[in-house]
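Chemist: Handing you this structure, nothing more for now.
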Amino acid sequence: MSEQTNAYTAAHVQEALARDGRVGELGIAVDIADGMIVVQGVVPTEERRAAIEEVISEMLPEHEIRNRIVVEPIHDGGEPEMIG
Amino acid sequence: MRIAAVADLHFGPESAGAYRSHFEDLADRADVLLLAGDLTRVGEPSEAQLVADEFRDVGVPVVAVLGNHDFHAGRPGAVADILERAGIRVLEGDTFTLDKDGKRLSVAGVKGFGGGFLGACGSEFGEPEMKAFVRHTHERADRLGEALASQEADVRVALMHYAPVPDTLQGERLEIYPFLGSYLLAEAVDEAGADLALHGHAHAGSERGTTPGGVPVRNVALPVIGRPYKVYCFGVDEGCDDDTLGTRESVSSSASAR
């Protein structure tokens with residue numbers, strides 16, 4: 001695919017990741033080059049991370065996926081702030 | 001008054017029980033829990049049920065607004081009903097009031113919407129779709145202002161999903177600011193007066209900002225605060241100076257117009 005086609009395809013993947021009910025994530029960065037798709041972003045669970053790969057595999061089965069999605073860890077405690 | 005808040009939990013089937021242990025001692029740390037939208041992954045009623053089950057017994061009143069994710073499946077009414085049945089108050093242009101130790105907290109909530117910020121925002125001009133977009137923001141902001149102005153309270157909080165100021169979007173791409181919030185929300189807050197404005201939606205944003213009128217704004221999106229909730233305190237003798245709760249920072253609020 002040309003660089004121009006890659007850019008459009010990346011945008012369509014990004015749109016699919018927002019619309020697909022298995023993912024529903026709007027903040028995922030998608031880059032495509034040389035048959036490789038690189039996805040980056042932060043999601044709340046491992047399952048959501050896996051679903052991103054699943055959706056992309058269905059759309060572009062011939063592409064290799066580099067999944068750089070990070071699962072946001074839930075730390076304990078809520079540090080207070082005095083407002084008034 | 002101690003106000004715990006978080007946004008953008010994005011509950012899906014795999015999220016059940018994920019937060020329960022983190023909220024076990026919430027009642028020792030806060031008087032109320034505010035959820036600033038995007039409670040569900042894509043707004044399915046089944047996801048709302050998981051949220052309801054997670055927060056029905058946290059020991060303090062739970063108050064929420066919906067976010068754009070909670071609208072995606074086209075069933076925001078069902079989502080709100082499920083949460084309400086679990087005792088979670090869902091605000092959209094109305095208020096929640098809590099009286100505690102002789103002090104009154106009033107929370108006015110709306111989803112809000114986008115449109116952009118001063119000097120770079122949409123207008124009700126041109127195509128019907130563009131007019132409808134900006135009109136929706138005007139309507140949400142008007143309802144927020146009316147709700148804020150309708151209550152007398154010692155502490156007044158504006159709860160919304162979309163951002164009222166660009167300060168708390170620092171870290172997001174500038175190109176998407178108009179989809180992340182609107183100055184109309186800040187204008188409503190400043191005109192009606194509030195002690196604190198809370199929002200979510202901007203996962204890559206930053207926590208702290210201020211309206212042009214001086215009201216503290218906090219982005220409590222889960223990826224921003226990095227904790228299951230953040231506690232904001234009003235009044236030094238009400239448990240906020242407990243060392244076990246961690247550090248705190250003093251921020252003055254000077255814009256309350258009561």
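Starting from 1 in every chain, residues are counted up; chains themselves are A, B, ... following the order of the structure tokens, and ligands are numbered from 1 as listed.
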Compute the chain A side of the contact with chain B at 6 Å, counting only C-alpha atoms, and hand it back as JSON, numbers by chain.

Modeler: {"A": [24, 74, 75, 78, 79, 80, 81, 82, 83, 84]}

Chemist: Rounded to one decimal, what separation in Å do you get between CA of Ser206 (chain B) and CA of Gln170 (chain B)?

Modeler: 5.6 Å

Chemist: How far is it from CA of Thr5 (chain A) to CA of Ile176 (chain B), in Å with one decimal?

Modeler: 22.8 Å

Chemist: Name the residues in contact with Asp34 (chain A) at a cut-off of 10 Å, using only C-alpha atoms, excluding same-chain residues fewer than 4 positions from it; report them as a PyMOL selection string.

Modeler: chain A and resi 1-3+6+63-64

Chemist: Output N, CA and C atoms for every residue in that selection, as a CSV table (one decimal), in the first residue's frame.

Modeler:
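Result written to out-v9.csv:
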```
chain,number,residue,atom,x,y,z
A,1,MET,N,0.8,-1.2,0.0
A,1,MET,CA,0.0,0.0,0.0
A,1,MET,C,0.9,1.3,0.0
A,2,SER,N,0.4,2.3,-0.7
A,2,SER,CA,1.2,3.5,-0.7
A,2,SER,C,1.1,4.2,0.7
A,3,GLU,N,1.9,5.2,0.9
A,3,GLU,CA,1.9,6.0,2.1
A,3,GLU,C,0.5,6.6,2.3
A,6,ASN,N,-2.0,4.0,3.3
A,6,ASN,CA,-1.8,3.7,4.7
A,6,ASN,C,-2.4,4.7,5.6
A,63,HIS,N,-2.0,-8.1,7.7
A,63,HIS,CA,-1.0,-7.2,8.4
A,63,HIS,C,-0.5,-7.8,9.7
A,64,GLU,N,0.8,-7.5,10.0
A,64,GLU,CA,1.3,-7.8,11.3
A,64,GLU,C,1.0,-6.7,12.2
```

Chemist: Determine, counting only C-alpha atoms, which protein, DNA and RNA residues have an atom within 8 Å of an atom of Gln49 (chain B); residues of the same chain fewer than 5 positions away are not included. Present the result as a list of chain:residue names.

Modeler: B:Val79, B:Ile82, B:Leu83

Chemist: Using the selection just defined, write its residues with C-alpha atoms as a PDB file, in the first residue's frame.

Modeler:
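result_15.pdb, written as the output of this step:
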```pdb
ATOM      1  CA  VAL B  79     -28.396   3.325  31.444  1.00  0.00           C
ATOM      2  CA  ILE B  82     -30.384   1.077  35.886  1.00  0.00           C
ATOM      3  CA  LEU B  83     -28.012   3.307  37.838  1.00  0.00           C
TER       4      LEU B  83
END
```

Chemist: Considering only C-alpha atoms, can you say which of B:Ala16, B:Gly205, B:Ala48, B:Ala80 comes closest to Arg173 (chain B)?

Modeler: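 So, comparing all the options, the nearest one is B:Gly205.
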
Chemist: To one decimal in Å, tell me the separation between CA of Thr95 (chain B) and CA of Gly213 (chain B).

Modeler: 21.8 Å

Chemist: Going by DSSP on the backbone, which bits of chain A are alpha helix (DSSP H)? Write them as a ChimeraX atom specification, please.

Modeler: /A:3-19,46-59

Chemist: What are the DSSP strand (DSSP E or B) residues of region 37-200 of chain B, as a CSV table (one decimal) with N, CA and C atoms, in the first residue's frame?

Modeler:
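Ended up saving to out-v4.csv:
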```csv
chain,number,residue,atom,x,y,z
B,40,THR,N,-19.6,3.5,31.3
B,40,THR,CA,-19.6,2.3,30.5
B,40,THR,C,-18.7,2.3,29.3
B,62,VAL,N,-23.7,8.2,45.9
B,62,VAL,CA,-23.0,8.2,44.6
B,62,VAL,C,-23.8,9.0,43.6
B,63,VAL,N,-23.2,10.0,43.0
B,63,VAL,CA,-23.8,10.9,42.1
B,63,VAL,C,-23.1,10.9,40.8
B,64,ALA,N,-23.8,10.8,39.7
B,64,ALA,CA,-23.1,10.7,38.4
B,64,ALA,C,-23.7,11.6,37.3
B,65,VAL,N,-22.9,11.9,36.3
B,65,VAL,CA,-23.5,12.3,35.0
B,65,VAL,C,-23.0,11.3,34.0
B,89,ARG,N,-27.5,8.5,41.9
B,89,ARG,CA,-28.2,9.6,41.4
B,89,ARG,C,-27.6,10.1,40.1
B,90,VAL,N,-28.4,10.1,39.0
B,90,VAL,CA,-27.8,10.6,37.7
B,90,VAL,C,-28.4,11.9,37.4
B,94,ASP,N,-30.0,18.9,36.8
B,94,ASP,CA,-30.6,19.1,38.1
B,94,ASP,C,-29.5,18.9,39.2
B,95,THR,N,-29.9,18.9,40.4
B,95,THR,CA,-29.0,19.0,41.5
B,95,THR,C,-29.1,17.8,42.5
B,96,PHE,N,-28.1,17.6,43.2
B,96,PHE,CA,-28.1,16.7,44.4
B,96,PHE,C,-27.6,17.5,45.6
B,97,THR,N,-28.2,17.3,46.7
B,97,THR,CA,-27.9,18.0,47.9
B,97,THR,C,-27.5,17.0,49.0
B,98,LEU,N,-26.5,17.3,49.8
B,98,LEU,CA,-26.1,16.5,50.9
B,98,LEU,C,-25.8,17.4,52.1
B,99,ASP,N,-26.5,17.2,53.2
B,99,ASP,CA,-26.3,17.9,54.5
B,99,ASP,C,-25.5,17.0,55.4
B,100,LYS,N,-24.4,17.6,55.9
B,100,LYS,CA,-23.5,16.8,56.8
B,100,LYS,C,-22.8,17.8,57.7
B,103,LYS,N,-23.2,21.5,57.4
B,103,LYS,CA,-22.8,22.0,56.1
B,103,LYS,C,-23.6,21.4,55.0
B,104,ARG,N,-23.9,22.2,54.0
B,104,ARG,CA,-24.6,21.7,52.8
B,104,ARG,C,-23.7,21.7,51.6
B,105,LEU,N,-23.8,20.5,50.9
B,105,LEU,CA,-23.1,20.4,49.6
B,105,LEU,C,-24.2,20.3,48.5
B,106,SER,N,-24.0,21.1,47.5
B,106,SER,CA,-24.9,21.0,46.3
B,106,SER,C,-24.1,20.6,45.1
B,107,VAL,N,-24.5,19.6,44.4
B,107,VAL,CA,-23.8,19.2,43.1
B,107,VAL,C,-24.8,19.4,42.0
B,108,ALA,N,-24.4,20.2,41.0
B,108,ALA,CA,-25.2,20.5,39.8
B,108,ALA,C,-24.5,19.7,38.6
B,109,GLY,N,-25.2,18.9,37.9
B,109,GLY,CA,-24.6,18.1,36.9
B,109,GLY,C,-25.2,18.1,35.5
B,110,VAL,N,-24.4,18.1,34.5
B,110,VAL,CA,-24.8,17.9,33.1
B,110,VAL,C,-23.7,17.1,32.4
B,116,GLY,N,-15.4,23.8,21.5
B,116,GLY,CA,-14.1,24.6,21.6
B,116,GLY,C,-14.1,25.7,22.6
B,117,PHE,N,-13.0,26.4,22.5
B,117,PHE,CA,-12.7,27.4,23.6
B,117,PHE,C,-12.5,28.8,23.0
B,120,ALA,N,-11.4,29.9,19.5
B,120,ALA,CA,-11.3,28.8,18.5
B,120,ALA,C,-12.4,27.8,18.8
B,121,CYS,N,-13.6,28.3,18.5
B,121,CYS,CA,-14.8,27.5,18.8
B,121,CYS,C,-15.8,27.6,17.7
B,155,VAL,N,-21.0,24.5,49.9
B,155,VAL,CA,-20.1,24.0,48.9
B,155,VAL,C,-20.9,23.7,47.7
B,156,ARG,N,-20.5,24.3,46.5
B,156,ARG,CA,-21.3,24.1,45.3
B,156,ARG,C,-20.3,23.5,44.3
B,157,VAL,N,-20.7,22.4,43.7
B,157,VAL,CA,-19.8,21.7,42.7
B,157,VAL,C,-20.5,21.6,41.4
B,158,ALA,N,-19.8,21.9,40.3
B,158,ALA,CA,-20.3,21.7,39.0
B,158,ALA,C,-19.7,20.4,38.5
B,159,LEU,N,-20.6,19.4,38.1
B,159,LEU,CA,-20.1,18.1,37.7
B,159,LEU,C,-20.5,17.9,36.2
B,160,MET,N,-19.5,17.6,35.4
B,160,MET,CA,-19.8,17.4,34.0
B,160,MET,C,-18.8,16.4,33.4
B,163,ALA,N,-15.0,19.0,29.2
B,163,ALA,CA,-14.2,20.0,29.9
B,163,ALA,C,-14.7,21.4,29.7
B,170,GLN,N,-4.3,20.0,28.6
B,170,GLN,CA,-2.8,20.0,28.3
B,170,GLN,C,-2.3,18.6,28.2
B,172,GLU,N,-3.4,16.7,25.6
B,172,GLU,CA,-4.2,16.2,24.4
B,172,GLU,C,-3.7,16.9,23.1
B,181,GLY,N,-14.5,19.7,24.8
B,181,GLY,CA,-15.2,20.6,25.8
B,181,GLY,C,-15.6,21.9,25.1
B,182,SER,N,-16.1,22.8,26.0
B,182,SER,CA,-16.6,24.1,25.5
B,182,SER,C,-16.4,25.2,26.6
B,196,LEU,N,-16.0,24.4,42.9
B,196,LEU,CA,-15.2,23.4,42.2
B,196,LEU,C,-16.0,22.9,41.0
B,197,ALA,N,-15.2,22.8,39.9
B,197,ALA,CA,-15.8,22.2,38.7
B,197,ALA,C,-15.0,20.9,38.4
B,198,LEU,N,-15.8,19.8,38.2
B,198,LEU,CA,-15.1,18.5,37.9
B,198,LEU,C,-15.6,18.0,36.5
B,199,HIS,N,-14.6,17.4,35.8
B,199,HIS,CA,-15.0,16.8,34.5
B,199,HIS,C,-14.0,15.6,34.3
```

Chemist: Quick one: residues within 6 Å of region 43-48 of chain A, only C-alpha atoms counted, chain neighbours fewer than 6 positions away excluded, as a count of residues only?

Modeler: 3

Chemist: Got a sec: who's within 9 Å of Ile32 (chain A), counting only C-alpha atoms, leaving out chain neighbours fewer than 2 positions off, as a CSV table (one decimal) with C-alpha atoms, in the first residue's frame?

Modeler:
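Output saved as result-v9.csv:
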```csv
chain,number,residue,atom,x,y,z
A,3,GLU,CA,1.9,6.0,2.1
A,6,ASN,CA,-1.8,3.7,4.7
A,7,ALA,CA,-2.8,7.0,6.2
A,9,THR,CA,-6.4,2.9,6.3
A,10,ALA,CA,-5.0,3.9,9.7
A,30,VAL,CA,-2.7,3.8,14.7
A,34,ASP,CA,5.4,-1.8,5.4
A,35,GLY,CA,2.6,-4.2,6.2
A,36,MET,CA,3.0,-3.4,9.9
A,37,ILE,CA,0.3,-1.8,12.1
A,38,VAL,CA,1.4,-0.2,15.3
A,39,VAL,CA,-1.2,0.7,17.9
```
